[in-house]
$ cat work31.csv   # CSV, C-alpha atoms
chain,number,residue,atom,x,y,z
Y,1,MET,CA,-67.9,20.5,-1.3
Y,2,SER,CA,-64.2,20.3,-1.3
Y,3,VAL,CA,-64.1,16.5,-0.7
Y,4,LEU,CA,-64.4,15.4,-4.3
Y,5,PRO,CA,-61.5,17.5,-5.6
Y,6,THR,CA,-59.4,16.3,-2.6
Y,7,LEU,CA,-60.1,12.7,-3.4
Y,8,GLY,CA,-59.3,13.4,-7.1
Y,9,THR,CA,-56.0,15.0,-6.0
Y,10,ILE,CA,-55.2,12.0,-3.9
Y,11,ALA,CA,-56.0,9.6,-6.7
Y,12,GLN,CA,-53.8,11.7,-9.1
Y,13,ALA,CA,-51.0,11.8,-6.6
Y,14,ALA,CA,-51.3,8.0,-6.2
Y,15,GLN,CA,-51.1,7.5,-9.9
Y,16,GLU,CA,-48.1,9.7,-10.2
Y,17,GLY,CA,-46.5,7.7,-7.3
Y,18,GLY,CA,-46.9,4.5,-9.2
Y,19,LEU,CA,-50.0,3.1,-7.5
Y,20,THR,CA,-52.5,1.3,-9.6
Y,21,ALA,CA,-56.3,1.7,-9.2
Y,22,ALA,CA,-56.5,-1.7,-7.5
Y,23,GLU,CA,-53.7,-0.8,-5.0
Y,24,LEU,CA,-55.4,2.5,-4.3
Y,25,LYS,CA,-58.7,0.7,-3.7
Y,26,ASN,CA,-57.0,-1.7,-1.3
Y,27,ASN,CA,-55.4,1.1,0.5
Y,28,ASN,CA,-58.7,2.9,0.9
Y,29,ALA,CA,-60.4,-0.4,2.0
Y,30,ALA,CA,-57.7,-0.9,4.7
Y,31,THR,CA,-58.1,2.7,5.9
Y,32,GLY,CA,-61.9,2.3,6.0
Y,33,ALA,CA,-61.7,-1.0,7.8
Y,34,GLY,CA,-59.3,0.3,10.4
Y,35,LEU,CA,-61.6,3.3,11.0
Y,36,ALA,CA,-64.7,1.1,11.2
Y,37,TYR,CA,-63.1,-1.2,13.9
Y,38,GLY,CA,-61.5,1.6,15.9
Y,39,LEU,CA,-64.4,4.0,15.9
Y,40,ALA,CA,-66.9,1.2,16.6
Y,41,ALA,CA,-64.9,0.2,19.7
Y,42,ILE,CA,-65.0,3.7,21.3
Y,43,GLY,CA,-68.7,4.0,21.9
Y,44,PRO,CA,-69.1,0.6,23.6
Y,45,GLY,CA,-66.0,1.3,25.6
Y,46,ILE,CA,-67.6,4.5,27.0
Y,47,GLY,CA,-71.0,2.7,27.4
Y,48,ILE,CA,-69.6,-0.3,29.3
Y,49,GLY,CA,-67.5,2.0,31.6
Y,50,TYR,CA,-70.6,4.1,32.4
Y,51,LEU,CA,-72.8,1.0,32.8
Y,52,VAL,CA,-70.5,-0.9,35.1
Y,53,GLY,CA,-69.6,2.3,37.1
Y,54,GLN,CA,-73.3,3.0,37.8
Y,55,SER,CA,-73.9,-0.7,38.6
Y,56,VAL,CA,-71.0,-0.8,41.1
Y,57,GLN,CA,-72.4,2.3,42.8
Y,58,ALA,CA,-75.8,0.7,43.0
Y,59,MET,CA,-74.4,-2.4,44.6
Y,60,ALA,CA,-72.4,-0.4,47.1
Y,61,ARG,CA,-75.5,1.6,48.0
Y,62,GLN,CA,-77.9,-1.4,48.2
Y,63,PRO,CA,-75.9,-4.7,48.6
Y,64,GLU,CA,-79.2,-6.6,49.0
Y,65,SER,CA,-80.1,-5.9,45.4
Y,66,ALA,CA,-76.7,-6.9,44.0
Y,67,GLY,CA,-78.0,-10.1,42.3
Y,68,THR,CA,-80.6,-8.1,40.3
Y,69,VAL,CA,-78.1,-5.4,39.5
Y,70,ARG,CA,-75.5,-7.9,38.3
Y,71,THR,CA,-78.0,-9.7,36.2
Y,72,THR,CA,-79.0,-6.6,34.3
Y,73,MET,CA,-75.4,-5.4,34.2
Y,74,PHE,CA,-74.2,-8.5,32.5
Y,75,LEU,CA,-77.0,-8.3,29.9
Y,76,GLY,CA,-76.2,-4.6,29.4
Y,77,ILE,CA,-72.6,-5.3,28.9
Y,78,ALA,CA,-73.4,-8.0,26.3
Y,79,PHE,CA,-75.8,-5.7,24.4
Y,80,THR,CA,-73.3,-2.8,24.4
Y,81,GLU,CA,-70.6,-5.2,23.1
Y,82,ALA,CA,-72.8,-6.1,20.2
Y,83,LEU,CA,-72.1,-2.7,18.7
Y,84,ALA,CA,-68.3,-3.4,18.8
Y,85,LEU,CA,-69.0,-6.8,17.2
Y,86,ILE,CA,-70.9,-5.1,14.3
Y,87,GLY,CA,-67.8,-2.9,13.8
Y,88,PHE,CA,-65.6,-5.9,13.9
Y,89,VAL,CA,-67.8,-7.7,11.3
Y,90,VAL,CA,-67.6,-4.6,9.0
Y,91,PHE,CA,-63.8,-4.6,9.5
Y,92,ILE,CA,-63.5,-8.3,8.6
Y,93,LEU,CA,-65.7,-8.0,5.5
Y,94,LEU,CA,-63.9,-4.9,4.2
Y,95,LYS,CA,-60.4,-6.2,4.9
Y,96,PHE,CA,-60.6,-9.9,4.0
Y,97,ALA,CA,-63.7,-10.6,2.0
R,1,MET,CA,-72.6,3.4,51.4
R,2,GLU,CA,-69.8,0.9,51.3
R,3,ASP,CA,-66.3,1.5,49.9
R,4,THR,CA,-66.3,-0.1,46.5
R,5,LEU,CA,-62.6,-0.8,46.7
R,6,THR,CA,-63.1,-3.3,49.6
R,7,ALA,CA,-66.7,-4.2,49.1
R,8,TYR,CA,-67.4,-7.5,47.4
R,9,ASP,CA,-70.4,-9.6,46.5
R,10,ASP,CA,-70.3,-13.2,47.7
R,11,GLY,CA,-73.8,-14.0,46.5
R,12,PRO,CA,-74.6,-16.5,43.8
R,13,ALA,CA,-72.7,-16.1,40.5
R,14,VAL,CA,-75.7,-14.8,38.4
R,15,GLU,CA,-73.5,-14.1,35.4
R,16,MET,CA,-72.5,-17.8,35.1
R,17,ALA,CA,-76.2,-18.8,35.4
R,18,ILE,CA,-77.0,-16.5,32.5
R,19,ALA,CA,-74.1,-17.6,30.4
R,20,VAL,CA,-74.9,-21.3,30.9
R,21,ASP,CA,-78.5,-20.5,30.1
R,22,LEU,CA,-77.3,-18.7,26.9
R,23,LEU,CA,-75.2,-21.8,26.1
R,24,ARG,CA,-78.3,-24.0,26.5
R,25,ARG,CA,-80.3,-21.8,24.2
R,26,ALA,CA,-77.4,-21.8,21.7
R,27,LEU,CA,-77.5,-25.6,21.6
R,28,TRP,CA,-81.1,-25.3,20.5
R,29,ALA,CA,-80.6,-22.5,18.0
R,30,ALA,CA,-77.3,-23.5,16.4
R,31,PRO,CA,-78.6,-26.4,14.4
R,32,VAL,CA,-81.2,-24.2,12.8
R,33,LEU,CA,-78.7,-21.5,11.9
R,34,ILE,CA,-76.1,-24.0,10.7
R,35,ALA,CA,-78.7,-25.7,8.5
R,36,ALA,CA,-79.9,-22.4,7.1
R,37,PHE,CA,-76.5,-21.0,6.3
R,38,GLY,CA,-75.4,-24.4,5.1
R,39,ALA,CA,-78.2,-24.4,2.6
R,40,ILE,CA,-77.1,-21.1,1.2
R,41,TRP,CA,-73.3,-21.3,1.4
R,42,GLY,CA,-72.8,-25.1,1.4
R,43,LEU,CA,-70.7,-27.2,3.8
R,44,ASN,CA,-68.0,-24.5,4.3
R,45,GLY,CA,-70.8,-22.1,5.3
R,46,ALA,CA,-72.2,-24.6,7.8
R,47,ILE,CA,-68.7,-25.2,9.4
R,48,SER,CA,-68.0,-21.4,9.5
R,49,THR,CA,-71.4,-20.8,11.2
R,50,ALA,CA,-70.7,-23.5,13.8
R,51,TYR,CA,-67.3,-21.9,14.4
R,52,ALA,CA,-69.0,-18.5,14.9
R,53,VAL,CA,-71.6,-19.8,17.3
R,54,GLY,CA,-68.9,-21.5,19.3
R,55,LEU,CA,-66.9,-18.3,19.4
R,56,VAL,CA,-69.9,-16.3,20.6
R,57,THR,CA,-70.9,-18.7,23.4
R,58,LEU,CA,-67.3,-19.0,24.5
R,59,ASN,CA,-67.1,-15.2,24.6
R,60,PHE,CA,-70.2,-15.1,26.9
R,61,LEU,CA,-68.8,-17.8,29.2
R,62,VAL,CA,-65.4,-16.1,29.5
R,63,ALA,CA,-67.1,-12.7,30.2
R,64,ALA,CA,-69.3,-14.3,32.9
R,65,ALA,CA,-66.5,-16.2,34.5
R,66,MET,CA,-64.3,-13.1,34.8
R,67,LEU,CA,-67.1,-11.0,36.3
R,68,ALA,CA,-68.2,-13.7,38.7
R,69,TRP,CA,-64.7,-14.4,39.8
R,70,THR,CA,-63.7,-10.8,40.3
R,71,ALA,CA,-67.0,-9.8,42.1
R,72,ARG,CA,-66.0,-12.2,44.9
R,73,ILE,CA,-62.8,-10.2,45.4
R,74,SER,CA,-63.7,-6.6,44.9
R,75,LEU,CA,-66.4,-4.5,43.1
R,76,THR,CA,-63.7,-2.2,41.8
R,77,LEU,CA,-61.8,-5.2,40.4
R,78,MET,CA,-65.0,-6.4,38.8
R,79,MET,CA,-65.3,-2.9,37.1
R,80,ALA,CA,-61.7,-3.2,35.9
R,81,SER,CA,-62.3,-6.7,34.6
R,82,ALA,CA,-65.4,-5.6,32.7
R,83,MET,CA,-63.4,-2.8,31.0
R,84,PHE,CA,-60.2,-4.6,30.2
R,85,GLY,CA,-62.0,-7.9,29.7
R,86,TYR,CA,-64.0,-6.2,26.9
R,87,LEU,CA,-60.8,-5.1,25.2
R,88,VAL,CA,-59.1,-8.5,25.7
R,89,ARG,CA,-62.2,-10.5,24.5
R,90,LEU,CA,-62.6,-8.2,21.4
R,91,GLY,CA,-58.9,-8.9,20.6
R,92,LEU,CA,-59.3,-12.6,21.1
R,93,ILE,CA,-62.3,-12.7,18.8
R,94,PHE,CA,-60.2,-10.8,16.2
R,95,VAL,CA,-57.3,-13.3,16.6
R,96,ALA,CA,-59.7,-16.3,16.4
R,97,VAL,CA,-61.1,-15.1,13.1
R,98,TRP,CA,-57.8,-13.8,11.8
R,99,LEU,CA,-56.0,-17.1,12.3
R,100,VAL,CA,-58.5,-19.1,10.3
R,101,ARG,CA,-59.3,-16.5,7.6
R,102,ASP,CA,-57.3,-18.3,4.9
R,103,ALA,CA,-58.4,-21.8,5.8
R,104,GLY,CA,-60.1,-23.7,3.1
R,105,TRP,CA,-63.4,-24.2,5.1
R,106,VAL,CA,-63.8,-20.6,6.0
R,107,GLU,CA,-66.6,-18.5,4.4
R,108,LEU,CA,-66.3,-15.0,5.9
R,109,VAL,CA,-69.8,-13.7,5.1
R,110,PRO,CA,-71.8,-16.5,6.9
R,111,MET,CA,-69.3,-16.5,9.7
R,112,CYS,CA,-69.6,-12.7,10.3
R,113,LEU,CA,-73.4,-12.8,9.9
R,114,ALA,CA,-73.6,-15.7,12.4
R,115,ILE,CA,-71.5,-13.8,14.9
R,116,VAL,CA,-73.9,-10.9,15.0
R,117,ILE,CA,-77.1,-12.9,14.7
R,118,THR,CA,-76.1,-15.4,17.4
R,119,HIS,CA,-74.9,-12.7,19.8
R,120,LEU,CA,-78.0,-10.5,19.4
R,121,GLY,CA,-80.5,-13.4,19.0
R,122,LEU,CA,-79.4,-15.2,22.2
R,123,LEU,CA,-79.4,-11.9,24.1
R,124,PHE,CA,-82.9,-11.0,23.1
R,125,TRP,CA,-84.1,-14.5,23.9
R,126,GLU,CA,-82.4,-14.4,27.3
R,127,MET,CA,-83.6,-10.9,28.0
R,128,ARG,CA,-87.3,-11.9,27.5
R,129,TYR,CA,-86.8,-14.6,30.2
R,130,VAL,CA,-84.9,-12.4,32.6
R,131,SER,CA,-87.2,-9.4,32.3
R,132,ALA,CA,-90.2,-11.7,32.9
R,133,THR,CA,-88.7,-13.2,36.0
R,134,LEU,CA,-87.7,-9.7,37.3
R,135,ALA,CA,-91.1,-8.2,36.7
R,136,PHE,CA,-93.1,-11.3,37.8
R,137,PRO,CA,-91.0,-13.3,40.3
R,138,GLY,CA,-94.0,-15.5,41.0
R,139,LEU,CA,-93.8,-16.9,37.4
R,140,LYS,CA,-90.1,-18.0,37.8
R,141,PRO,CA,-89.9,-21.7,36.9
R,142,ALA,CA,-89.6,-23.8,40.1
R,143,THR,CA,-86.9,-26.4,40.3
R,144,LYS,CA,-87.9,-30.0,41.1
R,145,GLY,CA,-88.4,-30.7,44.8
R,146,SER,CA,-88.7,-27.0,45.7
$ encode --input "work31.csv" --output "structure tokens"
Amino acid sequence: MSVLPTLGTIAQAAQEGGLTAAELKNNNAATGAGLAYGLAAIGPGIGIGYLVGQSVQAMARQPESAGTVRTTMFLGIAFTEALALIGFVVFILLKFA
Amino acid sequence: MEDTLTAYDDGPAVEMAIAVDLLRRALWAAPVLIAAFGAIWGLNGAISTAYAVGLVTLNFLVAAAMLAWTARISLTLMMASAMFGYLVRLGLIFVAVWLVRDAGWVELVPMCLAIVITHLGLLFWEMRYVSATLAFPGLKPATKGS
């Protein structure tokens, strides 16, 4: 409920500070892009850490199944990484396109 | 249970086998994607798509090489390489796109779309093959002479 007045206040403060609407838009796009990239990298980081940790434990418990575990682990890492890539794509499109 | 710090896996490098398989599939899929995006975004779109496909396949190969190499040393080192390798590779992809962003041949939209589509498309394609061979080992394609 208080978000819109806050944004209005920021815009007003920016205008008083000499920022044009285009500069303000660029600033907001840069902030959004940074947040998109940064936040999108956190989830896959946790996911890959958990995935690889469990895989290593599985390999230590059953060395004979290491080949199967490594196969699924590699695919799991790549799938998890796709989330970060989507965040990266959003970042590039917001920042440079 | 073995100690993961000293335990290692000297079995076949399955990651490299998967990555090479992904590369082979990419060679089949890339012309279709390049032609499709080239038809929409022109020559620059086609070149940008080719660059993106190359980036994704290189990313797979680097990830596989790092995991296969470190697994032969220590499982804990493999875990570390998976984590820090993820950060490093994400940074390298960023640098690879950032360096060419102002080049005349770069179309960012098809490049970004191609990165996501190629990455996910190749993975789903490979997953179908891997899940079938894991579930039904008897159906695994035999090599010549075996």
$ interface_residues --input "work31.csv" --of "chain Y" --to "chain R" --cutoff "8 Å" --atoms "only C-alpha atoms" --output "PyMOL selection string"
chain Y and resi 45+48-49+52-53+56-57+60-63+66-68+70-71+74-75+78-79+81-82+84-86+88-89+92-93+96-97
$ write_last_selection --input "work31.csv" --atoms "C-alpha atoms" --output "short mmCIF file (atom, residue, chain, number, x, y, z; two decimals), in the frame of the given file"
data_model
loop_
_atom_site.label_atom_id
_atom_site.label_comp_id
_atom_site.auth_asym_id
_atom_site.auth_seq_id
_atom_site.Cartn_x
_atom_site.Cartn_y
_atom_site.Cartn_z
CA GLY Y 45 -66.00 1.30 25.60
CA ILE Y 48 -69.60 -0.30 29.30
CA GLY Y 49 -67.50 2.00 31.60
CA VAL Y 52 -70.50 -0.90 35.10
CA GLY Y 53 -69.60 2.30 37.10
CA VAL Y 56 -71.00 -0.80 41.10
CA GLN Y 57 -72.40 2.30 42.80
CA ALA Y 60 -72.40 -0.40 47.10
CA ARG Y 61 -75.50 1.60 48.00
CA GLN Y 62 -77.90 -1.40 48.20
CA PRO Y 63 -75.90 -4.70 48.60
CA ALA Y 66 -76.70 -6.90 44.00
CA GLY Y 67 -78.00 -10.10 42.30
CA THR Y 68 -80.60 -8.10 40.30
CA ARG Y 70 -75.50 -7.90 38.30
CA THR Y 71 -78.00 -9.70 36.20
CA PHE Y 74 -74.20 -8.50 32.50
CA LEU Y 75 -77.00 -8.30 29.90
CA ALA Y 78 -73.40 -8.00 26.30
CA PHE Y 79 -75.80 -5.70 24.40
CA GLU Y 81 -70.60 -5.20 23.10
CA ALA Y 82 -72.80 -6.10 20.20
CA ALA Y 84 -68.30 -3.40 18.80
CA LEU Y 85 -69.00 -6.80 17.20
CA ILE Y 86 -70.90 -5.10 14.30
CA PHE Y 88 -65.60 -5.90 13.90
CA VAL Y 89 -67.80 -7.70 11.30
CA ILE Y 92 -63.50 -8.30 8.60
CA LEU Y 93 -65.70 -8.00 5.50
CA PHE Y 96 -60.60 -9.90 4.00
CA ALA Y 97 -63.70 -10.60 2.00
#
$ atom_distance --input "work31.csv" --atom1 "atom CA of Y:Gly87" --atom2 "atom CA of Y:Ala36"
5.7 Å
$ closest_residue --input "work31.csv" --among "Y:Leu39, Y:Val90, Y:Ile46, Y:Met73" --to "Y:Ala58" --atoms "all atoms listed in the file"
Y:Met73
$ residues_around --input "work31.csv" --residues "Y:Gly32" --least-positions-apart "4" --cutoff "8 Å" --atoms "all atoms listed in the file" --output "PyMOL selection string"
chain Y and resi 28+36+91+94
$ atom_distance --input "work31.csv" --atom1 "atom CA of Y:Lys95" --atom2 "atom CA of R:Pro110"
15.5 Å
$ atom_distance --input "work31.csv" --atom1 "atom CA of R:Gly85" --atom2 "atom CA of R:Val62"
8.9 Å
$ residues_around --input "work31.csv" --residues "stretch 47-50 of chain R" --least-positions-apart "2" --cutoff "12 Å" --atoms "all atoms listed in the file" --output "PDB file with C-alpha atoms, in the frame of the given file"
ATOM      1  CA  ALA R  26     -77.400 -21.800  21.700  1.00  0.00           C
ATOM      2  CA  LEU R  27     -77.500 -25.600  21.600  1.00  0.00           C
ATOM      3  CA  ALA R  29     -80.600 -22.500  18.000  1.00  0.00           C
ATOM      4  CA  ALA R  30     -77.300 -23.500  16.400  1.00  0.00           C
ATOM      5  CA  PRO R  31     -78.600 -26.400  14.400  1.00  0.00           C
ATOM      6  CA  VAL R  32     -81.200 -24.200  12.800  1.00  0.00           C
ATOM      7  CA  LEU R  33     -78.700 -21.500  11.900  1.00  0.00           C
ATOM      8  CA  ILE R  34     -76.100 -24.000  10.700  1.00  0.00           C
ATOM      9  CA  ALA R  35     -78.700 -25.700   8.500  1.00  0.00           C
ATOM     10  CA  ALA R  36     -79.900 -22.400   7.100  1.00  0.00           C
ATOM     11  CA  PHE R  37     -76.500 -21.000   6.300  1.00  0.00           C
ATOM     12  CA  GLY R  38     -75.400 -24.400   5.100  1.00  0.00           C
ATOM     13  CA  ALA R  39     -78.200 -24.400   2.600  1.00  0.00           C
ATOM     14  CA  ILE R  40     -77.100 -21.100   1.200  1.00  0.00           C
ATOM     15  CA  TRP R  41     -73.300 -21.300   1.400  1.00  0.00           C
ATOM     16  CA  GLY R  42     -72.800 -25.100   1.400  1.00  0.00           C
ATOM     17  CA  LEU R  43     -70.700 -27.200   3.800  1.00  0.00           C
ATOM     18  CA  ASN R  44     -68.000 -24.500   4.300  1.00  0.00           C
ATOM     19  CA  GLY R  45     -70.800 -22.100   5.300  1.00  0.00           C
ATOM     20  CA  ALA R  52     -69.000 -18.500  14.900  1.00  0.00           C
ATOM     21  CA  VAL R  53     -71.600 -19.800  17.300  1.00  0.00           C
ATOM     22  CA  GLY R  54     -68.900 -21.500  19.300  1.00  0.00           C
ATOM     23  CA  LEU R  55     -66.900 -18.300  19.400  1.00  0.00           C
ATOM     24  CA  VAL R  56     -69.900 -16.300  20.600  1.00  0.00           C
ATOM     25  CA  THR R  57     -70.900 -18.700  23.400  1.00  0.00           C
ATOM     26  CA  ALA R  96     -59.700 -16.300  16.400  1.00  0.00           C
ATOM     27  CA  VAL R  97     -61.100 -15.100  13.100  1.00  0.00           C
ATOM     28  CA  VAL R 100     -58.500 -19.100  10.300  1.00  0.00           C
ATOM     29  CA  ARG R 101     -59.300 -16.500   7.600  1.00  0.00           C
ATOM     30  CA  ALA R 103     -58.400 -21.800   5.800  1.00  0.00           C
ATOM     31  CA  GLY R 104     -60.100 -23.700   3.100  1.00  0.00           C
ATOM     32  CA  TRP R 105     -63.400 -24.200   5.100  1.00  0.00           C
ATOM     33  CA  VAL R 106     -63.800 -20.600   6.000  1.00  0.00           C
ATOM     34  CA  GLU R 107     -66.600 -18.500   4.400  1.00  0.00           C
ATOM     35  CA  LEU R 108     -66.300 -15.000   5.900  1.00  0.00           C
ATOM     36  CA  VAL R 109     -69.800 -13.700   5.100  1.00  0.00           C
ATOM     37  CA  PRO R 110     -71.800 -16.500   6.900  1.00  0.00           C
ATOM     38  CA  MET R 111     -69.300 -16.500   9.700  1.00  0.00           C
ATOM     39  CA  CYS R 112     -69.600 -12.700  10.300  1.00  0.00           C
ATOM     40  CA  LEU R 113     -73.400 -12.800   9.900  1.00  0.00           C
ATOM     41  CA  ALA R 114     -73.600 -15.700  12.400  1.00  0.00           C
ATOM     42  CA  ILE R 115     -71.500 -13.800  14.900  1.00  0.00           C
ATOM     43  CA  VAL R 116     -73.900 -10.900  15.000  1.00  0.00           C
ATOM     44  CA  ILE R 117     -77.100 -12.900  14.700  1.00  0.00           C
ATOM     45  CA  THR R 118     -76.100 -15.400  17.400  1.00  0.00           C
TER      46      THR R 118
END
